[in-house]
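Visitor: Sending over a structure as C-alpha cells; questions will come in a sec.
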Amino acid sequence: MGKESNFNMNIINQIYYTAKRIIVDIKPVLIKLITFMVIILILGSAFSEAFKVSDLDTVKIVYCNDDTGESGKGFISALTEVESIKSLVEFVKVSSFEEAQKMVTGNDAEAFIYIPEGFSDQAKNENESNIVEVYQKKHSGVNAMVIQNVVDSFINGINTASVIYKMTGTLEGYKFVADSGLHIEPLSNSKSPSAMGYYGVAMLLMLLLSGAEYGRVFIGEDYLGILGDRLKLSPIKPFEQYIGKIIGLSFVSFFNGIVIILLTKYAYHVDWGNNFALLLLIIFIFSLLTTTFGAMLSIVTKDVVKAGSIVTIATIAFTFLAGGFVVMDFGNIQRLSPSYYAKTAIFNIVYEGDINITYQNIEMMCIITLAFALISIFAVGRKRA
Amino acid sequence: MIIEVSNLVKKFKDIAVVDGVDLNIEDGEIFGLLGPNGAGKSTTLNALLGLLKISSGTVKICGKDFSKNTREVKSMIGYVPQDLAFFEQLSAIDNVTYWGKLYGLRGNDLRKATEEALELTGLVDRKKGKASTFSGGMKRRLNIACAIVHKPRILILDEPTVGVDPQSRNNILESIKTLNKNGTTVIYTSHYMEEIEAICDRVAIMDFGKVIALGTIEELIDSISKTNKVSIEFSELPDDVIKVIENTQGVIKSEKEGNMLYIKMQKDEQYRLELLENLVKNHIKIKSFTLEKPTLETVFLQLTGKKLRD
C-alpha cells in the first residue's frame, strides 16, 4: 500500500473509531440533546414578548388656538384629522398657552402647537408672515422624528394655504392635505428573529461549544495518558492521529447540531433560512473550532482536569458574551467570543442580511481554528524515538 | 542479538534513575526484568522503547539504531503497558481491529490476525462484548491481544498480570509461551517471581538503576549457592542409617530432628542419585524425600536485601 494511501487510511480510521466511541454510548448524547431542546423551549417562551415587533406608541401633542378667526380653527381641525398623523399623534386641546406649557414641562405631552391671537388676520395680510408657535421637549429618538414630521407637515400646509389665499382671496374649497412623512413598516417575521429563533441559534452554539469537552478528553488521552504511549509506539504519525481525531470528534458535534436544527425547525418552527448548505458549513467549522479549543487546553495545561474547568467556564462566558443568554450588546468585547462569529454568520444568512458578512465570519472562525491547532502543535513536546 | 542496550543512562534532573545498563537480548528468548519498586525497570523499558529521551547510551533493535529508524523499528514491536490501554467503549474485536489497522493490516490479513490474537488470548467467545463489561483478567488479556495482532518480532510486557485471577494469569503465561514458540522475542517484567521462573529463559535483576545480576535462573541460583538441602523422613532413624548417609559422596552435613534428617549436599544431581542408591542398597525405608533448591526469590533477597513486594 502506498504512503499516501496509508496516510489517508490512518486518518479515516481515526475519524471512524473516534466517532464510533462516542456514538456507541448514545445515552449521554441523547440526554444532552434533550436538555438543550428544553432550554431552548424555556428561553424562547420566557422571552417571547421581548422579541415581538410592535407599533410605535403615539406621541401626545397639545394645542392651543387663541385665534378668533376661521383660519386657526380650520387648520387645527384639518391637521388633527389627517389619518397618517392621527396614527402617530394624540392631539389634546388645551385652553391656554400656560396650560400647554405646563403639560409639556410636566412630561404630560411631548410638544405643543400654539396658534396665537390674530393668526387669521396674518393670513389675510400679504406683508405679514404667518406665525405658528411650536414648542417641544428636547429629546432624541423616534418621538422627536414624529413631532418634526408633524410640525413640518403642518407648516407646509399653512404655507400652501397662505399662497392660495393670496392668490384667490379665499380658503374656501381648500382642503388641508398633510402627511406625517413617516411610513410605518413593521419588520416581517422572516427578517427578524423570534425568541425561539434567537435562542435556537444561541443554544445551538452553546451545544457546539460544549464539544470542546470531546477535544479535551479524546486528545488529552493521546498526549497525557498511557494510551498515548501505545500510540507513540505505533507507526501512525502524530499529525495523522491529531487530524483524524479532531475531524471525528467534530463530526459528532456537527451531527448533534444538525439534530438540534431539525428538531427546532419542526417542533418549534424556528426559521433557519433557505441556505441550508451554508448553515451546515458554519456549524461544521464552528465544531472544528470548539474541538481544537478543547484539545489545545489539554495539551497546553498538561492536565485534563484543569482543562475541564476551563472548558466549563469558557462555554458559559463565550455564550454570555455573544448574547446567548440575554440580548445585550457588549461592543467589541463580544469579539472575544468565538460564538459571536458563528452567530453573526448564521443571522446574516437566516435573516437575509449581508452574505459577505457571513463569509467574513466563516473566515475568522477558520483562522481561530488554525491558531488553536498551531498552538497545540507547538505545545506538544512529543519525543520522537 | 535482537536488542542491544549499551551503557544506558537516564537522568531526571541530576538523579540517575537508570545508571549504565547493559542488556543484550537474544532473538527468540523470553527475557525477564526483575527488581524492587524504584529499581529502574519501567524507566529502562520506556527508555528502550523511546518513550523517554535517554541521557546517554545506545539502543539498537534488530541492529538498527532506534532513534534513526523509528518507523521501521516500531512496526516490529508490540507493547503491553502496565495500565490498560485500549478503548473501553468499543468491543474486543473493534479494539484489536483498530490496532491491527494502525499497523497496516487490511482485508483478510486483518481479519485473520484479529481472530488469531483473540483466540490466543482466550477472548474469541467474547469478541463482540464491550470492553467495559469485561472482568479484570479479560481486560488484561485484551490489552495483550491489542499488542500482538500485528505479530511483532518483539513483545514487551510490563507487569501484565497485576490484579488478575489465577485462571487468566495462566492463560496469559501460556499465550506468551505460544508466542515465543512462534518466534517472538519477549521482554517480561513482573512482581511475581513464580511467573519469571515459569517462563523466562534469562533474567536481569535490577536495583538502584543498575543490573546487579544477569543470567539464566540456574546461573543466578548457582551464583549464590552451590548446595542443595534434602529433607528425608524415615520410619525409623537409627544411628547407622545416619552414618550411611553421611558417608555418601556429596553430603556435606546432616541434622537429625526426630525421624527427619536434613542433609546439606553438593548440587550435582549425581550425588543425589548416589544417596538414593545407598538408601536402597541398605534397605533403608523412607517416608518422603524432598529436595529444597534456592529459588529466584532467595537470589533476589540475597542480592537486593529486599523482598520483591517491598
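By order of appearance in the C-alpha cells: chains A, B, ..., then residues from 1 within every chain, and ligands from 1 in the order shown.
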Pull out every residue of chain B sitting within 9 Å of chain A, counting only C-alpha atoms, and send them as a PyMOL selection string.

Guide: chain B and resi 47+49-53+66-72+74-75+77-90+94+98-99+101-104+147

Visitor: Keeping N, CA and C atoms, export the residues of the selection given above as a tab-separated table (two decimals), in the first residue's frame.

Guide:
chain	number	residue	atom	x	y	z
B	47	ALA	N	12.80	3.91	28.23
B	47	ALA	CA	13.93	4.48	27.51
B	47	ALA	C	14.28	3.60	26.30
B	49	LEU	N	12.23	1.84	24.66
B	49	LEU	CA	11.17	1.98	23.66
B	49	LEU	C	11.12	3.38	23.06
B	50	GLY	N	11.91	4.26	23.58
B	50	GLY	CA	11.89	5.62	23.05
B	50	GLY	C	10.78	6.48	23.61
B	51	LEU	N	10.14	6.01	24.66
B	51	LEU	CA	9.09	6.83	25.28
B	51	LEU	C	9.70	7.90	26.17
B	52	LEU	N	10.96	7.69	26.51
B	52	LEU	CA	11.69	8.69	27.27
B	52	LEU	C	12.98	8.99	26.52
B	53	LYS	N	13.38	10.25	26.60
B	53	LYS	CA	14.65	10.60	25.94
B	53	LYS	C	15.80	10.15	26.83
B	66	PHE	N	17.48	2.86	17.14
B	66	PHE	CA	16.07	3.20	17.27
B	66	PHE	C	15.81	4.66	16.92
B	67	SER	N	16.69	5.52	17.33
B	67	SER	CA	16.42	6.95	17.13
B	67	SER	C	16.48	7.33	15.65
B	68	LYS	N	17.14	6.51	14.87
B	68	LYS	CA	17.28	6.88	13.45
B	68	LYS	C	16.36	6.07	12.53
B	69	ASN	N	15.79	5.00	13.03
B	69	ASN	CA	14.94	4.17	12.18
B	69	ASN	C	13.62	3.91	12.86
B	70	THR	N	13.05	4.99	13.32
B	70	THR	CA	11.92	4.88	14.24
B	70	THR	C	10.76	4.07	13.68
B	71	ARG	N	10.29	4.47	12.49
B	71	ARG	CA	9.09	3.86	11.95
B	71	ARG	C	9.28	2.36	11.70
B	72	GLU	N	10.44	2.03	11.15
B	72	GLU	CA	10.72	0.63	10.81
B	72	GLU	C	10.77	-0.23	12.08
B	74	LYS	N	9.45	0.50	15.00
B	74	LYS	CA	8.17	0.47	15.71
B	74	LYS	C	7.27	-0.66	15.23
B	75	SER	N	7.30	-0.93	13.94
B	75	SER	CA	6.40	-1.96	13.40
B	75	SER	C	6.80	-3.35	13.89
B	77	ILE	N	7.64	-3.97	17.04
B	77	ILE	CA	7.45	-4.04	18.50
B	77	ILE	C	5.97	-4.10	18.86
B	78	GLY	N	5.69	-4.93	19.84
B	78	GLY	CA	4.36	-4.90	20.46
B	78	GLY	C	4.56	-4.56	21.93
B	79	TYR	N	3.76	-3.65	22.43
B	79	TYR	CA	3.96	-3.16	23.79
B	79	TYR	C	2.70	-3.35	24.61
B	80	VAL	N	2.85	-4.03	25.75
B	80	VAL	CA	1.72	-4.20	26.66
B	80	VAL	C	2.05	-3.40	27.91
B	81	PRO	N	1.48	-2.20	28.05
B	81	PRO	CA	1.82	-1.38	29.21
B	81	PRO	C	1.19	-1.95	30.48
B	82	GLN	N	1.66	-1.49	31.58
B	82	GLN	CA	1.13	-1.96	32.86
B	82	GLN	C	-0.33	-1.53	33.03
B	83	ASP	N	-0.61	-0.28	32.63
B	83	ASP	CA	-2.00	0.18	32.68
B	83	ASP	C	-2.72	-0.25	31.40
B	84	LEU	N	-4.01	-0.40	31.53
B	84	LEU	CA	-4.80	-0.81	30.38
B	84	LEU	C	-4.83	0.30	29.34
B	85	ALA	N	-4.58	-0.06	28.10
B	85	ALA	CA	-4.51	0.95	27.03
B	85	ALA	C	-5.31	0.48	25.82
B	86	PHE	N	-6.61	0.52	25.98
B	86	PHE	CA	-7.50	0.25	24.85
B	86	PHE	C	-8.77	1.07	25.08
B	87	PHE	N	-9.72	0.93	24.19
B	87	PHE	CA	-10.92	1.75	24.26
B	87	PHE	C	-12.04	0.97	24.94
B	88	GLU	N	-12.40	1.41	26.12
B	88	GLU	CA	-13.42	0.71	26.89
B	88	GLU	C	-14.78	0.74	26.20
B	89	GLN	N	-14.99	1.77	25.39
B	89	GLN	CA	-16.32	1.91	24.77
B	89	GLN	C	-16.54	0.93	23.62
B	90	LEU	N	-15.44	0.39	23.10
B	90	LEU	CA	-15.55	-0.49	21.93
B	90	LEU	C	-15.50	-1.96	22.33
B	94	ASP	N	-13.34	-4.82	17.91
B	94	ASP	CA	-13.10	-3.46	17.41
B	94	ASP	C	-11.77	-2.92	17.88
B	98	TYR	N	-8.73	-2.13	15.41
B	98	TYR	CA	-8.17	-0.78	15.36
B	98	TYR	C	-6.65	-0.81	15.38
B	99	TRP	N	-6.11	-1.58	16.32
B	99	TRP	CA	-4.65	-1.63	16.42
B	99	TRP	C	-4.04	-2.34	15.21
B	101	LYS	N	-5.20	-2.21	12.22
B	101	LYS	CA	-5.21	-1.23	11.12
B	101	LYS	C	-4.07	-0.23	11.28
B	102	LEU	N	-3.81	0.16	12.53
B	102	LEU	CA	-2.71	1.11	12.75
B	102	LEU	C	-1.39	0.55	12.26
B	103	TYR	N	-1.26	-0.77	12.34
B	103	TYR	CA	-0.02	-1.40	11.91
B	103	TYR	C	-0.06	-1.82	10.45
B	104	GLY	N	-1.08	-1.33	9.75
B	104	GLY	CA	-1.10	-1.52	8.30
B	104	GLY	C	-1.79	-2.78	7.81
B	147	ALA	N	-1.72	-5.81	21.46
B	147	ALA	CA	-0.28	-5.65	21.21
B	147	ALA	C	0.28	-6.70	20.28

Visitor: Applying 10 Å and only C-alpha atoms, which residues near stretch 211-224 of chain B remain after dropping the ones on its own chain fewer than 5 positions away? List them as a PyMOL selection string.

Guide: chain B and resi 18-23+31-35+39-41+196-197+200-206+267+293-300+302-304

Visitor: Emit the selected residues as a short mmCIF file (atom, residue, chain, number, x, y, z; two decimals), in the first residue's frame, including C-alpha atoms.

Guide:
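Saved file result-v6.cif follows:
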data_model
loop_
_atom_site.label_atom_id
_atom_site.label_comp_id
_atom_site.auth_asym_id
_atom_site.auth_seq_id
_atom_site.Cartn_x
_atom_site.Cartn_y
_atom_site.Cartn_z
CA VAL B 18 18.96 4.26 35.03
CA ASP B 19 22.69 4.19 35.55
CA GLY B 20 24.73 2.45 32.91
CA VAL B 21 22.52 -0.51 31.99
CA ASP B 22 23.83 -3.06 29.50
CA LEU B 23 21.41 -5.60 28.15
CA PHE B 31 13.89 -12.24 28.97
CA GLY B 32 12.78 -11.29 32.46
CA LEU B 33 13.44 -7.98 34.15
CA LEU B 34 13.17 -8.18 37.91
CA GLY B 35 13.66 -5.62 40.61
CA ALA B 39 14.82 -0.11 40.69
CA GLY B 40 14.53 1.49 37.27
CA LYS B 41 12.80 -1.34 35.36
CA ILE B 196 9.51 -15.17 35.90
CA GLU B 197 10.64 -18.63 36.96
CA CYS B 200 11.83 -16.74 31.39
CA ASP B 201 14.95 -18.07 29.80
CA ARG B 202 17.14 -15.38 31.27
CA VAL B 203 16.62 -12.80 33.94
CA ALA B 204 18.22 -9.48 34.77
CA ILE B 205 17.87 -8.28 38.35
CA MET B 206 17.93 -4.52 38.74
CA LYS B 267 24.24 -29.53 43.98
CA LYS B 293 16.61 -25.67 45.98
CA PRO B 294 17.32 -21.99 46.41
CA THR B 295 14.75 -20.07 44.44
CA LEU B 296 14.93 -16.92 42.48
CA GLU B 297 13.37 -15.22 45.45
CA THR B 298 16.29 -16.35 47.55
CA VAL B 299 18.65 -14.95 44.96
CA PHE B 300 16.72 -11.71 44.82
CA GLN B 302 20.29 -12.03 48.87
CA LEU B 303 21.28 -9.61 46.13
CA THR B 304 18.97 -6.71 46.96
#

Visitor: Pick out the residues sitting within 12 Å of A:Lys102, and hand them over as number ranges by chain; count only C-alpha atoms, and ignore anything fewer than 4 positions along from it in its own chain.

Guide: A: 62, 94-98, 106-112, 135-137

Visitor: Please extract the residues of stretch 323-362 of chain A with a backbone DSSP assignment of alpha helix (DSSP H) and present them as a list in words.

Guide: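 Those in stretch 323-362 of chain A that DSSP calls alpha helix (DSSP H) are Pro338, Ser339, Tyr340, Tyr341, Ala342, Lys343, Thr344, Ala345, Ile346, Phe347, Asn348, Ile349, Val350, Ile355, Asn356, Ile357, Thr358, Tyr359, Gln360, Asn361 and Ile362 of chain A.
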
Visitor: Per DSSP on the backbone, filter stretch 71-151 of chain B down to the residues in strand (DSSP E) and report them as a list in words.

Guide: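 Residues meeting the strand (DSSP E) criterion: Ile77, Gly78, Tyr79 and Val80 of chain B.
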
Visitor: Would you mind listing what lies within 7 Å of A:Pro116 as a PyMOL selection string, with only C-alpha atoms counted and same-chain residues fewer than 5 positions away left out?

Guide: chain A and resi 65-67+132

Visitor: So that I have them on file, write out the residues from the current selection with C-alpha atoms, as a compact mmCIF listing (two decimals), in the first residue's frame.

Guide:
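Final output, part12.txt:
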# COMPACT_ATOMS: atom_id res chain seq x y z
CA ASN A 65 -55.82 78.06 19.48
CA ASP A 66 -56.08 81.67 20.60
CA ASP A 67 -57.07 82.81 17.15
CA VAL A 132 -47.47 79.36 14.47

Visitor: Of the residues B:Ile25, B:Leu48, B:Leu8, B:Ile263, which is the one nearest to B:Ser231, using only C-alpha atoms?

Guide: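 Among the listed residues, the smallest separation from B:Ser231 belongs to B:Ile263.
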